[in-house]
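Read through the structure below, which is laid out as structure tokens, and then see the notes.
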Amino acid sequence: MSQALSSLLDLLDLEQIERDMFRGRSRSAVVPRVFGGQVAAQALVAAGRTVPADRPAHSLHAYFLRPGDPGAPIIYTVDRIRDGRSFTTRRVVAVQHGHPVFHLSASFQTAEEGLDHQYPMPPAPDPATLPTSEDRLRGYAHLDPRVVERFLETRAAVDLRYVEEPPYGEYGAPRDPHSQVWFRTHGKLDGDIDTPLLHVVLATYVSDMTLLDSVLLAHGRGGWAVGDVVGASLDHAMWFHRPFRADEWLLYDQESPSAHGGRGLGQARIYTRDGRLAITVIQEGVVRVPRGRD
């Protein structure tokens, strides 16, 4: 396991301060606020720790309410909304400086048999043939080296490989609003930490890294790395369909059906390398063009 992955797991290991209350910390992100994937993952950890281990998460729905302060702890309070025979529901509110910054509802279900079908996996190249994030980012002379280093630092725990040029690598002209990324953790997960909840939490963490890329591609924008848009996540929803491992390659197939009114929508499917549809993700975010950059 890499040191970066070990540090990420430590970040996601919340401190329990009351029966249904947990405390998390943050670290710096590319933008001067708490990374949305971090607070979503920590909230799911808090919810999952109040649910029996034999009930894996099957969905989450979340709203980002205020920018998080990376210099202050985050308090997660869990409400035990429902404990049914098959389903368990939890609500989590994340608070900083006396105000809610994030709200999550998550549902967990006992394993059972049922109907089974899925969208087929789209074609994608072998991840081993693609450049790493470090190879790509260090090759862009137009990016501020400080931005490159922050990107690499925040993504160090994850091996994330774009199939084609990311928005910040090639911009200026509209492209197809579709993006593919392969990802897995930098290192294997084993021992006591190797639980279904951890894999779901790590996928939640990564899911917020690239989902709005397809919005940027549709308008030829480079994004936050080059400063031709400003934005933030508004809401986030995930459905976990089938078991998967976050330390094995997952294909994140993303597209944007719409952007309007200063908001952009991204939707995606995440597949295991052998073609099983593991996760569906939808997110809306603020995507605004700064004045003078029209």
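Please note that chains go A, B, ... in the order of the structure tokens, that every chain numbers its residues from 1, and that ligands are numbered from 1 in the order shown.
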
All residues 8 Å or closer to range 187-197 of chain A, only C-alpha atoms, same chain fewer than 2 positions away omitted, as a list in words: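 Listed by chain and then number, they are Met1, Ser2, Leu5, Val45, Gly48, Pro56, Ala57, Thr185, His199, Val200, Val201, Pro243 and Asp247 of chain A.
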
Where does range 134-251 of chain A meet range 276-279 of chain A within 8 Å, residue by residue, with the nearest atom pair and distance in Å to one decimal for each, counting only C-alpha atoms, listed by chain and rising number, as a Markdown table?
```
| residue | atom | partner | partner_atom | distance |
| --- | --- | --- | --- | --- |
| A:Met238 | CA | A:Ile279 | CA | 6.8 |
| A:Trp239 | CA | A:Ile279 | CA | 5.5 |
| A:Phe240 | CA | A:Ile279 | CA | 4.6 |
| A:His241 | CA | A:Ala278 | CA | 5.1 |
| A:Arg242 | CA | A:Ala278 | CA | 4.7 |
| A:Pro243 | CA | A:Ala278 | CA | 6.5 |
| A:Phe244 | CA | A:Ala278 | CA | 6.4 |
```

Residue set, range 37-221 of chain A restricted to alpha helix (DSSP H), as number ranges by chain: A: 37-48, 133-137, 145-154, 196-207, 213-218

Between CA of Gln180 in chain A and CA of Asp126 in chain A, distance in Å (one decimal):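 These atoms are spaced 11.8 Å apart.
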
Which of range 26-91 of chain A fall in strand (DSSP E), as number ranges by chain: A: 57-64, 74-83, 87-91

Give me a file of those residues, with N, CA and C atoms, as a PDB file, in the first residue's frame.
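Final output, part-v3.pdb:
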```
ATOM      1  N   ALA A  57     -24.209  -0.668   1.548  1.00  0.00           N
ATOM      2  CA  ALA A  57     -24.868   0.511   0.988  1.00  0.00           C
ATOM      3  C   ALA A  57     -25.317   0.227  -0.432  1.00  0.00           C
ATOM      4  N   HIS A  58     -26.526   0.659  -0.767  1.00  0.00           N
ATOM      5  CA  HIS A  58     -26.981   0.519  -2.157  1.00  0.00           C
ATOM      6  C   HIS A  58     -27.281   1.857  -2.806  1.00  0.00           C
ATOM      7  N   SER A  59     -27.393   2.957  -2.019  1.00  0.00           N
ATOM      8  CA  SER A  59     -27.584   4.266  -2.640  1.00  0.00           C
ATOM      9  C   SER A  59     -27.263   5.373  -1.656  1.00  0.00           C
ATOM     10  N   LEU A  60     -26.954   6.535  -2.226  1.00  0.00           N
ATOM     11  CA  LEU A  60     -26.803   7.752  -1.415  1.00  0.00           C
ATOM     12  C   LEU A  60     -27.277   8.939  -2.237  1.00  0.00           C
ATOM     13  N   HIS A  61     -27.794   9.924  -1.528  1.00  0.00           N
ATOM     14  CA  HIS A  61     -28.253  11.172  -2.129  1.00  0.00           C
ATOM     15  C   HIS A  61     -27.770  12.301  -1.226  1.00  0.00           C
ATOM     16  N   ALA A  62     -27.080  13.267  -1.802  1.00  0.00           N
ATOM     17  CA  ALA A  62     -26.414  14.263  -0.972  1.00  0.00           C
ATOM     18  C   ALA A  62     -26.514  15.655  -1.571  1.00  0.00           C
ATOM     19  N   TYR A  63     -26.458  16.657  -0.680  1.00  0.00           N
ATOM     20  CA  TYR A  63     -26.413  18.060  -1.075  1.00  0.00           C
ATOM     21  C   TYR A  63     -25.220  18.735  -0.410  1.00  0.00           C
ATOM     22  N   PHE A  64     -24.480  19.494  -1.218  1.00  0.00           N
ATOM     23  CA  PHE A  64     -23.400  20.328  -0.713  1.00  0.00           C
ATOM     24  C   PHE A  64     -24.007  21.698  -0.396  1.00  0.00           C
ATOM     25  N   ILE A  74     -14.792  18.618  10.997  1.00  0.00           N
ATOM     26  CA  ILE A  74     -16.178  18.472  10.550  1.00  0.00           C
ATOM     27  C   ILE A  74     -16.861  17.487  11.491  1.00  0.00           C
ATOM     28  N   ILE A  75     -18.014  17.874  12.031  1.00  0.00           N
ATOM     29  CA  ILE A  75     -18.784  17.003  12.917  1.00  0.00           C
ATOM     30  C   ILE A  75     -19.920  16.375  12.114  1.00  0.00           C
ATOM     31  N   TYR A  76     -19.996  15.043  12.147  1.00  0.00           N
ATOM     32  CA  TYR A  76     -21.020  14.292  11.423  1.00  0.00           C
ATOM     33  C   TYR A  76     -21.995  13.693  12.440  1.00  0.00           C
ATOM     34  N   THR A  77     -23.265  14.083  12.329  1.00  0.00           N
ATOM     35  CA  THR A  77     -24.304  13.549  13.197  1.00  0.00           C
ATOM     36  C   THR A  77     -25.211  12.638  12.391  1.00  0.00           C
ATOM     37  N   VAL A  78     -25.419  11.415  12.886  1.00  0.00           N
ATOM     38  CA  VAL A  78     -26.200  10.409  12.162  1.00  0.00           C
ATOM     39  C   VAL A  78     -27.572  10.255  12.803  1.00  0.00           C
ATOM     40  N   ASP A  79     -28.612  10.338  11.994  1.00  0.00           N
ATOM     41  CA  ASP A  79     -29.976  10.034  12.436  1.00  0.00           C
ATOM     42  C   ASP A  79     -30.352   8.648  11.927  1.00  0.00           C
ATOM     43  N   ARG A  80     -30.787   7.789  12.848  1.00  0.00           N
ATOM     44  CA  ARG A  80     -31.183   6.419  12.471  1.00  0.00           C
ATOM     45  C   ARG A  80     -32.652   6.455  12.023  1.00  0.00           C
ATOM     46  N   ILE A  81     -32.869   6.788  10.774  1.00  0.00           N
ATOM     47  CA  ILE A  81     -34.207   7.024  10.261  1.00  0.00           C
ATOM     48  C   ILE A  81     -35.061   5.759  10.252  1.00  0.00           C
ATOM     49  N   ARG A  82     -34.477   4.635   9.814  1.00  0.00           N
ATOM     50  CA  ARG A  82     -35.279   3.412   9.701  1.00  0.00           C
ATOM     51  C   ARG A  82     -34.378   2.190   9.765  1.00  0.00           C
ATOM     52  N   ASP A  83     -34.831   1.182  10.485  1.00  0.00           N
ATOM     53  CA  ASP A  83     -34.193  -0.131  10.514  1.00  0.00           C
ATOM     54  C   ASP A  83     -35.271  -1.162  10.209  1.00  0.00           C
ATOM     55  N   PHE A  87     -34.170  -3.186   4.628  1.00  0.00           N
ATOM     56  CA  PHE A  87     -33.499  -1.918   4.337  1.00  0.00           C
ATOM     57  C   PHE A  87     -33.262  -1.118   5.616  1.00  0.00           C
ATOM     58  N   THR A  88     -32.141  -0.423   5.620  1.00  0.00           N
ATOM     59  CA  THR A  88     -31.782   0.488   6.698  1.00  0.00           C
ATOM     60  C   THR A  88     -31.503   1.851   6.081  1.00  0.00           C
ATOM     61  N   THR A  89     -32.055   2.907   6.683  1.00  0.00           N
ATOM     62  CA  THR A  89     -31.875   4.266   6.164  1.00  0.00           C
ATOM     63  C   THR A  89     -31.213   5.144   7.218  1.00  0.00           C
ATOM     64  N   ARG A  90     -30.227   5.922   6.774  1.00  0.00           N
ATOM     65  CA  ARG A  90     -29.541   6.846   7.654  1.00  0.00           C
ATOM     66  C   ARG A  90     -29.487   8.238   7.014  1.00  0.00           C
ATOM     67  N   ARG A  91     -29.566   9.249   7.871  1.00  0.00           N
ATOM     68  CA  ARG A  91     -29.388  10.630   7.437  1.00  0.00           C
ATOM     69  C   ARG A  91     -28.204  11.198   8.199  1.00  0.00           C
TER      70      ARG A  91
END
```

Distance of CA of Leu11 in chain A from CA of Gln96 in chain A, expressed in Å to one decimal place: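 Calculated distance between CA of Gln96 in chain A and CA of Leu11 in chain A is 16.8 Å.
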
Distance criterion (only C-alpha atoms): nearest to Tyr171 in chain A out of A:Arg55, A:His142, A:Arg291, A:Arg221: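 Closest to Tyr171 in chain A of all the choices is A:Arg221.
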
Exercise: range 118-124 of chain A partners within 12 Å, only C-alpha atoms, chain neighbours under 4 positions left out, as a count of residues only: 32

Residues within 6 Å of Pro177 in chain A, only C-alpha atoms, excluding chain neighbours under 6 positions, as a list in words: Ser214, Leu217, Ala218, Glu255 and Ser256 of chain A

Closest of A:Leu198, A:Leu14, A:Ala141, A:Val95 to Ala53 in chain A - atom-to-atom distances counting only C-alpha atoms: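 Closest candidate: A:Leu198.
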
Å distance separating CA of Arg175 in chain A from CA of Gly220 in chain A, one decimal place: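 Answer for the CA of Arg175 in chain A to CA of Gly220 in chain A separation: 6.4 Å.
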